[in-house]
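Engineer: Sharing upload.csv below, CSV, C-alpha atoms and all ligand atoms:
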```
chain,number,residue,atom,x,y,z
A,1,MET,CA,-57.6,-56.9,-64.4
A,2,ILE,CA,-56.5,-56.1,-67.9
A,3,GLY,CA,-58.7,-57.7,-70.6
A,4,GLU,CA,-61.6,-58.1,-68.2
A,5,ARG,CA,-65.0,-57.4,-69.8
A,6,ILE,CA,-67.0,-54.8,-68.0
A,7,LYS,CA,-70.2,-52.9,-68.6
A,8,VAL,CA,-69.8,-49.3,-69.6
A,9,ARG,CA,-72.6,-46.7,-69.5
A,10,ILE,CA,-72.1,-43.6,-71.7
A,11,ARG,CA,-74.3,-40.5,-71.7
A,12,CYS,CA,-74.0,-37.9,-74.4
A,13,ARG,CA,-73.8,-34.4,-72.9
A,14,GLN,CA,-75.1,-32.9,-76.1
A,15,CYS,CA,-78.4,-34.7,-76.6
A,16,GLY,CA,-78.7,-36.9,-73.5
A,17,GLU,CA,-78.8,-40.2,-75.4
A,18,ARG,CA,-77.6,-43.1,-73.3
A,19,PHE,CA,-75.7,-46.1,-74.4
A,20,VAL,CA,-74.8,-49.3,-72.5
A,21,LEU,CA,-71.9,-51.2,-74.0
A,22,ARG,CA,-69.5,-54.0,-73.2
A,23,GLY,CA,-66.0,-52.8,-72.8
A,24,ARG,CA,-62.6,-54.4,-72.3
A,25,ARG,CA,-60.4,-53.0,-69.6
A,26,GLU,CA,-57.0,-51.9,-70.8
A,27,LYS,CA,-54.0,-50.5,-69.1
A,28,ASP,CA,-55.2,-46.9,-68.6
A,29,LYS,CA,-58.6,-46.9,-70.2
A,30,VAL,CA,-61.6,-49.0,-71.2
A,31,GLU,CA,-61.9,-50.0,-74.9
A,32,THR,CA,-65.5,-50.0,-76.0
A,33,GLY,CA,-65.3,-49.4,-79.7
A,34,PHE,CA,-67.7,-46.5,-79.2
A,35,LYS,CA,-67.0,-43.8,-81.7
A,36,MET,CA,-69.7,-41.2,-81.6
A,37,CYS,CA,-73.2,-40.4,-80.7
A,38,LEU,CA,-76.2,-40.2,-83.1
A,39,CYS,CA,-75.9,-36.4,-82.9
A,40,ASN,CA,-72.3,-36.5,-84.2
A,41,ASN,CA,-70.8,-35.7,-80.8
A,42,ARG,CA,-67.5,-37.4,-80.4
A,43,ASP,CA,-66.0,-35.8,-77.3
A,44,ASP,CA,-68.5,-34.7,-74.8
A,45,PHE,CA,-69.7,-37.7,-72.8
A,46,GLU,CA,-70.2,-38.9,-69.2
A,47,VAL,CA,-68.8,-42.4,-68.9
A,48,ASP,CA,-69.4,-44.8,-66.0
A,49,TYR,CA,-67.9,-48.2,-65.5
A,50,ASP,CA,-68.9,-51.0,-63.3
A,51,VAL,CA,-65.8,-51.6,-61.2
B,101,ZN,ZN,-75.7,-37.1,-78.6
```
Translate the structure described by the file into structure tokens.
Structural biologist:
Amino acid sequence: MIGERIKVRIRCRQCGERFVLRGRREKDKVETGFKMCLCNNRDDFEVDYDV
């Protein structure tokens, strides 16, 4: 459902740091506002959603 709040788990593939965020489901992605890791990685993440 669009606009639904879901929990998002992000793991950085560069340094292994994990983040747990609240996201909002959109049409073809989940918006979390997450920009980058502490290690400046912006692109290389594993992302898991609660469905
Ligand atoms: Zn990192």
Engineer: Which distance in Å separates CA of Arg5 in chain A and CA of Cys39 in chain A, to one decimal?
Structural biologist: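 Taking CA of Arg5 in chain A and CA of Cys39 in chain A, their separation equals 27.0 Å.
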Engineer: Compare A:Gly23, A:Glu46, A:Glu17, A:Met1 by their minimum atom-to-atom distance to ligand ZN 101 (chain B), counting all atoms listed in the file, and give me the closest one.
Structural biologist: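 That would be A:Glu17, the residue with the smallest distance to ligand ZN 101 (chain B).
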Engineer: Using all atoms listed in the file, find each protein or nucleic acid residue lying at most 7 Å from ligand ZN 101 (chain B); present the set as an NGL selection string.
Structural biologist: :A and (12-17 or 37-41)
Engineer: Please write as an mmCIF file with C-alpha atoms, keeping the file's coordinate frame the list of polymer residues whose atoms come within 6 Å of (-74.1, -43.0, -68.5), counting only C-alpha atoms and keeping to the coordinates of the file.
Structural biologist:
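Written output follows (part.cif):
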```
data_model
loop_
_atom_site.group_PDB
_atom_site.id
_atom_site.type_symbol
_atom_site.label_atom_id
_atom_site.label_comp_id
_atom_site.auth_asym_id
_atom_site.auth_seq_id
_atom_site.Cartn_x
_atom_site.Cartn_y
_atom_site.Cartn_z
ATOM 1 C CA ARG A 9 -72.600 -46.700 -69.500
ATOM 2 C CA ILE A 10 -72.100 -43.600 -71.700
ATOM 3 C CA ARG A 11 -74.300 -40.500 -71.700
ATOM 4 C CA ARG A 18 -77.600 -43.100 -73.300
ATOM 5 C CA GLU A 46 -70.200 -38.900 -69.200
ATOM 6 C CA VAL A 47 -68.800 -42.400 -68.900
ATOM 7 C CA ASP A 48 -69.400 -44.800 -66.000
#
```
Engineer: Taking 6 positions as the minimum chain separation for residues in the same chain, which residues sit within 7 Å of Arg22 in chain A when counting only C-alpha atoms? Answer as a list in words.
Structural biologist: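 What passes the distance filter is Arg5, Ile6, Lys7, Val8 and Thr32 of chain A.
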Engineer: I need the chosen residues saved as a PDB file, in the frame of the given file, with C-alpha atoms.
Structural biologist:
```pdb
ATOM      1  CA  ARG A   5     -65.000 -57.400 -69.800  1.00  0.00           C
ATOM      2  CA  ILE A   6     -67.000 -54.800 -68.000  1.00  0.00           C
ATOM      3  CA  LYS A   7     -70.200 -52.900 -68.600  1.00  0.00           C
ATOM      4  CA  VAL A   8     -69.800 -49.300 -69.600  1.00  0.00           C
ATOM      5  CA  THR A  32     -65.500 -50.000 -76.000  1.00  0.00           C
TER       6      THR A  32
END
```
Engineer: Could you jot down the CA of Ile2 in chain A to CA of Glu26 in chain A separation for me, Å, one decimal place?
Structural biologist: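 Going from CA of Ile2 in chain A over to CA of Glu26 in chain A covers 5.1 Å.
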Engineer: Between CA of Glu4 in chain A and CA of Phe34 in chain A, what distance in Å does the model show, to one decimal?
Structural biologist: 17.1 Å
Engineer: Please put the answer as JSON: centre and edge lengths, in Å with one decimal, of a box along x, y and z that encloses all listed atoms of range 4-22 of chain A plus 6 Å on each side.
Structural biologist:
```
{"center_x": -70.2, "center_y": -45.5, "center_z": -72.3, "size_x": 29.2, "size_y": 37.2, "size_z": 20.6}
```
